[in-house]
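**Student:** Take a look at structure.txt, compact mmCIF, N, CA and C atoms:
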```txt
# COMPACT_ATOMS: atom_id res chain seq x y z
N MET A 6 81.29 -29.50 26.07
CA MET A 6 80.01 -29.94 26.60
C MET A 6 78.87 -29.24 25.87
N ALA A 7 79.02 -27.94 25.63
CA ALA A 7 77.94 -27.21 24.94
C ALA A 7 77.78 -27.70 23.51
N MET A 8 78.87 -28.17 22.89
CA MET A 8 78.76 -28.67 21.52
C MET A 8 78.02 -30.00 21.44
N ALA A 9 77.89 -30.71 22.55
CA ALA A 9 77.18 -31.99 22.54
C ALA A 9 75.75 -31.81 22.09
N ASN A 10 75.12 -30.72 22.49
CA ASN A 10 73.76 -30.42 22.08
C ASN A 10 73.68 -30.26 20.56
N ILE A 11 74.55 -29.42 20.01
CA ILE A 11 74.52 -29.13 18.58
C ILE A 11 74.88 -30.36 17.75
N LEU A 12 75.93 -31.08 18.17
CA LEU A 12 76.35 -32.26 17.42
C LEU A 12 75.30 -33.35 17.46
N CYS A 13 74.68 -33.54 18.60
CA CYS A 13 73.63 -34.55 18.72
C CYS A 13 72.42 -34.17 17.86
N CYS A 14 72.05 -32.90 17.88
CA CYS A 14 70.93 -32.43 17.06
C CYS A 14 71.24 -32.65 15.58
N MET A 15 72.46 -32.34 15.17
CA MET A 15 72.86 -32.51 13.78
C MET A 15 72.82 -33.99 13.39
N ALA A 16 73.36 -34.84 14.23
CA ALA A 16 73.45 -36.26 13.92
C ALA A 16 72.09 -36.95 13.91
N LEU A 17 71.15 -36.47 14.70
CA LEU A 17 69.87 -37.17 14.84
C LEU A 17 68.72 -36.54 14.05
N SER A 18 68.95 -35.45 13.37
CA SER A 18 67.86 -34.81 12.63
C SER A 18 67.29 -35.71 11.54
N ILE A 19 68.16 -36.33 10.75
CA ILE A 19 67.68 -37.22 9.68
C ILE A 19 67.03 -38.47 10.26
N PRO A 20 67.66 -39.14 11.25
CA PRO A 20 66.96 -40.30 11.83
C PRO A 20 65.60 -39.95 12.45
N PHE A 21 65.50 -38.78 13.09
CA PHE A 21 64.21 -38.39 13.65
C PHE A 21 63.20 -38.10 12.55
N GLY A 22 63.66 -37.58 11.42
CA GLY A 22 62.76 -37.38 10.29
C GLY A 22 62.21 -38.70 9.80
N LEU A 23 63.07 -39.70 9.71
CA LEU A 23 62.62 -41.03 9.28
C LEU A 23 61.66 -41.64 10.31
N LEU A 24 61.99 -41.49 11.60
CA LEU A 24 61.10 -41.99 12.65
C LEU A 24 59.76 -41.26 12.62
N GLY A 25 59.79 -39.96 12.36
CA GLY A 25 58.56 -39.19 12.29
C GLY A 25 57.68 -39.64 11.14
N ASP A 26 58.30 -39.98 10.00
CA ASP A 26 57.53 -40.48 8.86
C ASP A 26 56.97 -41.87 9.15
N ARG A 27 57.74 -42.68 9.85
CA ARG A 27 57.31 -44.07 10.09
C ARG A 27 56.30 -44.18 11.23
N PHE A 28 56.55 -43.50 12.34
CA PHE A 28 55.71 -43.67 13.52
C PHE A 28 54.82 -42.46 13.81
N GLY A 29 54.93 -41.42 13.02
CA GLY A 29 54.11 -40.24 13.21
C GLY A 29 54.87 -39.12 13.92
N MET A 30 54.56 -37.91 13.47
CA MET A 30 55.23 -36.74 14.05
C MET A 30 54.90 -36.59 15.53
N ARG A 31 53.68 -36.89 15.89
CA ARG A 31 53.25 -36.75 17.29
C ARG A 31 54.11 -37.60 18.21
N ASN A 32 54.33 -38.85 17.83
CA ASN A 32 55.14 -39.74 18.67
C ASN A 32 56.59 -39.27 18.76
N SER A 33 57.13 -38.77 17.64
CA SER A 33 58.49 -38.23 17.67
C SER A 33 58.58 -37.01 18.56
N MET A 34 57.57 -36.16 18.50
CA MET A 34 57.56 -34.96 19.33
C MET A 34 57.43 -35.34 20.82
N LEU A 35 56.63 -36.35 21.12
CA LEU A 35 56.51 -36.80 22.51
C LEU A 35 57.84 -37.32 23.03
N LEU A 36 58.55 -38.07 22.21
CA LEU A 36 59.87 -38.55 22.60
C LEU A 36 60.81 -37.37 22.84
N GLY A 37 60.71 -36.34 21.99
CA GLY A 37 61.52 -35.14 22.18
C GLY A 37 61.17 -34.41 23.46
N CYS A 38 59.89 -34.32 23.78
CA CYS A 38 59.46 -33.66 25.03
C CYS A 38 59.99 -34.41 26.25
N ILE A 39 59.92 -35.73 26.19
CA ILE A 39 60.44 -36.54 27.30
C ILE A 39 61.94 -36.33 27.44
N SER A 40 62.63 -36.28 26.31
CA SER A 40 64.08 -36.06 26.33
C SER A 40 64.43 -34.70 26.92
N ILE A 41 63.71 -33.66 26.53
CA ILE A 41 63.98 -32.33 27.06
C ILE A 41 63.65 -32.27 28.55
N PHE A 42 62.56 -32.90 28.97
CA PHE A 42 62.21 -32.94 30.39
C PHE A 42 63.31 -33.62 31.19
N ALA A 43 63.81 -34.76 30.69
CA ALA A 43 64.90 -35.47 31.39
C ALA A 43 66.16 -34.61 31.43
N SER A 44 66.42 -33.88 30.35
CA SER A 44 67.58 -33.00 30.30
C SER A 44 67.49 -31.91 31.37
N VAL A 45 66.35 -31.29 31.48
CA VAL A 45 66.16 -30.22 32.47
C VAL A 45 66.29 -30.78 33.89
N MET A 46 65.74 -31.95 34.14
CA MET A 46 65.84 -32.56 35.46
C MET A 46 67.30 -32.85 35.81
N LEU A 47 68.07 -33.36 34.84
CA LEU A 47 69.50 -33.60 35.09
C LEU A 47 70.24 -32.29 35.36
N LEU A 48 69.91 -31.25 34.60
CA LEU A 48 70.57 -29.95 34.82
C LEU A 48 70.28 -29.40 36.20
N LEU A 49 69.05 -29.58 36.66
CA LEU A 49 68.67 -29.04 37.97
C LEU A 49 69.22 -29.86 39.13
N ALA A 50 69.43 -31.16 38.91
CA ALA A 50 69.77 -32.04 40.02
C ALA A 50 71.27 -32.29 40.20
N PHE A 51 72.05 -32.22 39.12
CA PHE A 51 73.44 -32.65 39.21
C PHE A 51 74.40 -31.59 38.68
N ARG A 52 75.64 -31.66 39.16
CA ARG A 52 76.69 -30.75 38.71
C ARG A 52 77.94 -31.49 38.24
N GLU A 53 77.91 -32.81 38.20
CA GLU A 53 79.05 -33.58 37.74
C GLU A 53 79.11 -33.54 36.21
N PHE A 54 80.33 -33.51 35.68
CA PHE A 54 80.52 -33.37 34.24
C PHE A 54 79.81 -34.45 33.42
N PRO A 55 79.94 -35.74 33.74
CA PRO A 55 79.28 -36.75 32.90
C PRO A 55 77.76 -36.59 32.84
N LEU A 56 77.15 -36.20 33.95
CA LEU A 56 75.70 -36.02 33.95
C LEU A 56 75.29 -34.74 33.24
N LEU A 57 76.11 -33.70 33.34
CA LEU A 57 75.83 -32.48 32.57
C LEU A 57 75.97 -32.76 31.08
N LEU A 58 76.96 -33.55 30.70
CA LEU A 58 77.13 -33.93 29.29
C LEU A 58 75.93 -34.73 28.81
N ALA A 59 75.47 -35.67 29.63
CA ALA A 59 74.27 -36.44 29.27
C ALA A 59 73.07 -35.53 29.12
N SER A 60 72.98 -34.51 29.96
CA SER A 60 71.87 -33.56 29.87
C SER A 60 71.89 -32.81 28.54
N PHE A 61 73.08 -32.36 28.13
CA PHE A 61 73.19 -31.64 26.86
C PHE A 61 72.92 -32.57 25.67
N ILE A 62 73.31 -33.84 25.79
CA ILE A 62 73.01 -34.80 24.73
C ILE A 62 71.50 -35.01 24.63
N LEU A 63 70.83 -35.16 25.77
CA LEU A 63 69.37 -35.30 25.76
C LEU A 63 68.69 -34.06 25.20
N LEU A 64 69.26 -32.90 25.47
CA LEU A 64 68.71 -31.67 24.90
C LEU A 64 68.86 -31.68 23.38
N GLY A 65 69.97 -32.20 22.87
CA GLY A 65 70.15 -32.34 21.43
C GLY A 65 69.16 -33.31 20.81
N VAL A 66 68.84 -34.39 21.53
CA VAL A 66 67.83 -35.33 21.05
C VAL A 66 66.48 -34.62 20.94
N GLY A 67 66.13 -33.86 21.95
CA GLY A 67 64.87 -33.11 21.91
C GLY A 67 64.84 -32.07 20.81
N SER A 68 65.95 -31.39 20.61
CA SER A 68 66.02 -30.37 19.56
C SER A 68 65.86 -31.00 18.18
N SER A 69 66.47 -32.14 17.97
CA SER A 69 66.36 -32.79 16.66
C SER A 69 64.93 -33.28 16.42
N SER A 70 64.24 -33.68 17.46
CA SER A 70 62.85 -34.12 17.27
C SER A 70 61.94 -32.96 16.91
N PHE A 71 62.23 -31.78 17.44
CA PHE A 71 61.39 -30.63 17.11
C PHE A 71 61.72 -30.07 15.73
N SER A 72 62.95 -30.26 15.27
CA SER A 72 63.32 -29.72 13.96
C SER A 72 62.56 -30.42 12.84
N ILE A 73 62.15 -31.68 13.03
CA ILE A 73 61.44 -32.38 11.97
C ILE A 73 60.05 -31.80 11.74
N LEU A 74 59.50 -31.15 12.73
CA LEU A 74 58.19 -30.53 12.55
C LEU A 74 58.32 -29.05 12.20
N LEU A 75 59.22 -28.36 12.84
CA LEU A 75 59.28 -26.91 12.68
C LEU A 75 59.88 -26.48 11.34
N GLN A 76 60.89 -27.19 10.84
CA GLN A 76 61.49 -26.80 9.56
C GLN A 76 60.50 -26.92 8.40
N PRO A 77 59.79 -28.04 8.23
CA PRO A 77 58.80 -28.10 7.15
C PRO A 77 57.66 -27.10 7.32
N LEU A 78 57.28 -26.85 8.56
CA LEU A 78 56.23 -25.87 8.81
C LEU A 78 56.68 -24.48 8.37
N TYR A 79 57.91 -24.13 8.69
CA TYR A 79 58.48 -22.85 8.28
C TYR A 79 58.59 -22.78 6.76
N ALA A 80 59.07 -23.87 6.14
CA ALA A 80 59.26 -23.89 4.68
C ALA A 80 57.93 -23.81 3.93
N SER A 81 56.85 -24.26 4.53
CA SER A 81 55.56 -24.26 3.82
C SER A 81 55.03 -22.85 3.56
N HIS A 82 55.59 -21.84 4.18
CA HIS A 82 55.14 -20.47 4.00
C HIS A 82 55.85 -19.75 2.86
N PHE A 83 56.84 -20.39 2.22
CA PHE A 83 57.64 -19.73 1.20
C PHE A 83 57.71 -20.57 -0.05
N LYS A 84 57.91 -19.91 -1.19
CA LYS A 84 58.02 -20.59 -2.49
C LYS A 84 59.30 -20.14 -3.20
N GLY A 85 59.94 -21.04 -3.91
CA GLY A 85 61.07 -20.72 -4.78
C GLY A 85 62.19 -19.95 -4.11
N LYS A 86 62.53 -18.81 -4.72
CA LYS A 86 63.64 -17.99 -4.22
C LYS A 86 63.35 -17.40 -2.85
N GLU A 87 62.08 -17.22 -2.53
CA GLU A 87 61.73 -16.73 -1.20
C GLU A 87 62.21 -17.69 -0.12
N MET A 88 62.14 -19.00 -0.42
CA MET A 88 62.56 -20.00 0.57
C MET A 88 64.06 -19.88 0.84
N ASP A 89 64.85 -19.65 -0.20
CA ASP A 89 66.30 -19.47 0.00
C ASP A 89 66.56 -18.30 0.94
N ARG A 90 65.90 -17.19 0.67
CA ARG A 90 66.08 -16.01 1.51
C ARG A 90 65.57 -16.25 2.92
N ALA A 91 64.43 -16.92 3.03
CA ALA A 91 63.83 -17.16 4.35
C ALA A 91 64.75 -18.02 5.22
N PHE A 92 65.33 -19.08 4.65
CA PHE A 92 66.23 -19.91 5.43
C PHE A 92 67.55 -19.20 5.69
N GLY A 93 67.97 -18.33 4.77
CA GLY A 93 69.16 -17.52 5.03
C GLY A 93 68.94 -16.57 6.20
N VAL A 94 67.78 -15.92 6.22
CA VAL A 94 67.46 -15.01 7.32
C VAL A 94 67.34 -15.79 8.62
N MET A 95 66.71 -16.97 8.57
CA MET A 95 66.57 -17.77 9.79
C MET A 95 67.95 -18.18 10.32
N GLY A 96 68.86 -18.58 9.42
CA GLY A 96 70.21 -18.94 9.85
C GLY A 96 70.94 -17.75 10.44
N PHE A 97 70.79 -16.58 9.80
CA PHE A 97 71.44 -15.37 10.32
C PHE A 97 70.91 -15.02 11.71
N VAL A 98 69.61 -15.04 11.88
CA VAL A 98 69.01 -14.69 13.17
C VAL A 98 69.45 -15.69 14.24
N SER A 99 69.51 -16.97 13.88
CA SER A 99 69.95 -17.99 14.83
C SER A 99 71.40 -17.75 15.26
N LEU A 100 72.28 -17.54 14.30
CA LEU A 100 73.69 -17.30 14.63
C LEU A 100 73.88 -15.99 15.38
N ALA A 101 73.16 -14.95 14.95
CA ALA A 101 73.29 -13.65 15.61
C ALA A 101 72.79 -13.71 17.05
N SER A 102 71.70 -14.43 17.29
CA SER A 102 71.18 -14.52 18.65
C SER A 102 72.12 -15.32 19.55
N ASN A 103 72.73 -16.37 19.00
CA ASN A 103 73.73 -17.12 19.78
C ASN A 103 74.93 -16.25 20.11
N ALA A 104 75.40 -15.50 19.12
CA ALA A 104 76.56 -14.63 19.35
C ALA A 104 76.23 -13.53 20.34
N LEU A 105 75.07 -12.93 20.20
CA LEU A 105 74.67 -11.86 21.10
C LEU A 105 74.50 -12.38 22.53
N GLY A 106 73.92 -13.58 22.66
CA GLY A 106 73.78 -14.18 23.98
C GLY A 106 75.12 -14.44 24.63
N SER A 107 76.09 -14.91 23.85
CA SER A 107 77.43 -15.14 24.39
C SER A 107 78.08 -13.83 24.79
N LEU A 108 77.91 -12.80 23.96
CA LEU A 108 78.49 -11.50 24.27
C LEU A 108 77.88 -10.91 25.53
N LEU A 109 76.56 -10.96 25.63
CA LEU A 109 75.89 -10.41 26.81
C LEU A 109 76.25 -11.17 28.07
N GLY A 110 76.51 -12.47 27.94
CA GLY A 110 76.95 -13.25 29.09
C GLY A 110 78.37 -12.91 29.51
N TYR A 111 79.17 -12.38 28.61
CA TYR A 111 80.55 -12.02 28.91
C TYR A 111 80.66 -10.65 29.57
N ILE A 112 79.73 -9.75 29.28
CA ILE A 112 79.84 -8.37 29.74
C ILE A 112 79.87 -8.24 31.27
N PRO A 113 78.94 -8.83 32.03
CA PRO A 113 78.99 -8.65 33.49
C PRO A 113 80.29 -9.15 34.13
N PRO A 114 80.80 -10.35 33.80
CA PRO A 114 82.08 -10.74 34.39
C PRO A 114 83.23 -9.81 33.99
N ALA A 115 83.19 -9.31 32.76
CA ALA A 115 84.23 -8.38 32.33
C ALA A 115 84.16 -7.09 33.14
N LEU A 116 82.96 -6.58 33.37
CA LEU A 116 82.81 -5.37 34.17
C LEU A 116 83.28 -5.60 35.61
N MET A 117 83.00 -6.78 36.13
CA MET A 117 83.45 -7.09 37.49
C MET A 117 84.97 -7.16 37.54
N SER A 118 85.58 -7.69 36.50
CA SER A 118 87.03 -7.85 36.48
C SER A 118 87.76 -6.54 36.20
N PHE A 119 87.32 -5.81 35.19
CA PHE A 119 88.05 -4.61 34.75
C PHE A 119 87.65 -3.35 35.49
N GLN A 120 86.40 -3.25 35.89
CA GLN A 120 85.91 -2.04 36.55
C GLN A 120 85.72 -2.20 38.05
N SER A 121 85.99 -3.38 38.57
CA SER A 121 85.84 -3.69 40.00
C SER A 121 84.42 -3.42 40.50
N LEU A 122 83.45 -3.74 39.66
CA LEU A 122 82.05 -3.59 40.05
C LEU A 122 81.58 -4.83 40.79
N SER A 123 80.57 -4.67 41.62
CA SER A 123 79.98 -5.84 42.26
C SER A 123 79.11 -6.58 41.24
N LEU A 124 78.68 -7.76 41.59
CA LEU A 124 77.83 -8.56 40.70
C LEU A 124 76.55 -7.81 40.38
N ALA A 125 75.90 -7.24 41.39
CA ALA A 125 74.66 -6.51 41.17
C ALA A 125 74.88 -5.29 40.29
N GLU A 126 75.97 -4.56 40.51
CA GLU A 126 76.26 -3.37 39.70
C GLU A 126 76.56 -3.74 38.26
N ALA A 127 77.26 -4.88 38.04
CA ALA A 127 77.60 -5.30 36.68
C ALA A 127 76.36 -5.66 35.90
N TYR A 128 75.41 -6.31 36.56
CA TYR A 128 74.18 -6.67 35.85
C TYR A 128 73.26 -5.48 35.72
```
Could you express the structure from this file as structure tokens?

**Tutor:**
Amino acid sequence: MAMANILCCMALSIPFGLLGDRFGMRNSMLLGCISIFASVMLLLAFREFPLLLASFILLGVGSSSFSILLQPLYASHFKGKEMDRAFGVMGFVSLASNALGSLLGYIPPALMSFQSLSLAEAY
């Protein structure tokens, strides 16, 4: 289910780029905002798997719409070899933050399981 966001973002980044060029970045970003809003509403309202999956897919749609604006904006600050390093650093920070978030999310349940701590004590 969590991969639905990433796969959808990957699959729709190029089409959103084309839509952004054809209909304007503003309109693509508005569609992304609507998609993210719908995703959050589904997450807050439902707990069934198909609706949670739809929520993550909508989140991927929103993420891909924002990537068409943010990636070129980021790239405009760098030239030549600096751009290679800048995107390398951005990829590293993105992967490291995802890994760190997963690790930090694992620590409290592990403490509760192995150390017999309460939920409040583990956090």

**Student:** Could you tell me how far CA of Phe119 in chain A lies from CA of Ala104 in chain A, in Å and to one decimal?

**Tutor:**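 Going from CA of Phe119 in chain A over to CA of Ala104 in chain A, I get 21.7 Å.
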
**Student:** May I ask which of the residues A:Leu63, A:Leu24, A:Met117, A:Ile19 is the closest one to Ile39 in chain A, counting only N, CA and C atoms?

**Tutor:** A:Leu63

**Student:** Please, what distance in Å, to one decimal, runs between CA of Ser68 in chain A and CA of Met30 in chain A?

**Tutor:**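 CA of Met30 in chain A lies at a distance of 13.7 Å from CA of Ser68 in chain A.
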
**Student:** Which residues are near Leu23 in chain A? Cut-off 12 Å, only C-alpha atoms, ignore same chain within fewer than 5 positions. Put them as a count of residues only.

**Tutor:** 10

**Student:** Between CA of Phe71 in chain A and CA of Gly37 in chain A, what distance in Å does the model show, to one decimal?

**Tutor:**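 CA of Gly37 in chain A lies 6.8 Å from CA of Phe71 in chain A.
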
**Student:** Taking every listed atom of range 93-107 of chain A and adding 6 Å to each side, what centre and edge lengths in Å (one decimal) does the axis-aligned box have, as JSON?

**Tutor:**
```
{"center_x": 72.3, "center_y": -15.4, "center_z": 14.8, "size_x": 23.5, "size_y": 19.1, "size_z": 32.0}
```

**Student:** Measuring between only C-alpha atoms, which one of A:Gly85, A:Gly22, A:Pro114, A:Gly93 shows the shortest distance to Ala127 in chain A?

**Tutor:**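 Of the candidates, the smallest distance to Ala127 in chain A is held by A:Pro114.
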
**Student:** Quick one: residues within 7 Å of range 40-50 of chain A, all atoms listed in the file counted, chain neighbours fewer than 5 positions away excluded, as a list in words?

**Tutor:**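 Contacts, with the query itself left out: Leu35, Leu56, Leu57, Ala59, Ser60, Phe61, Leu63, Leu64, Val66, Gly67 and Ser68 of chain A.
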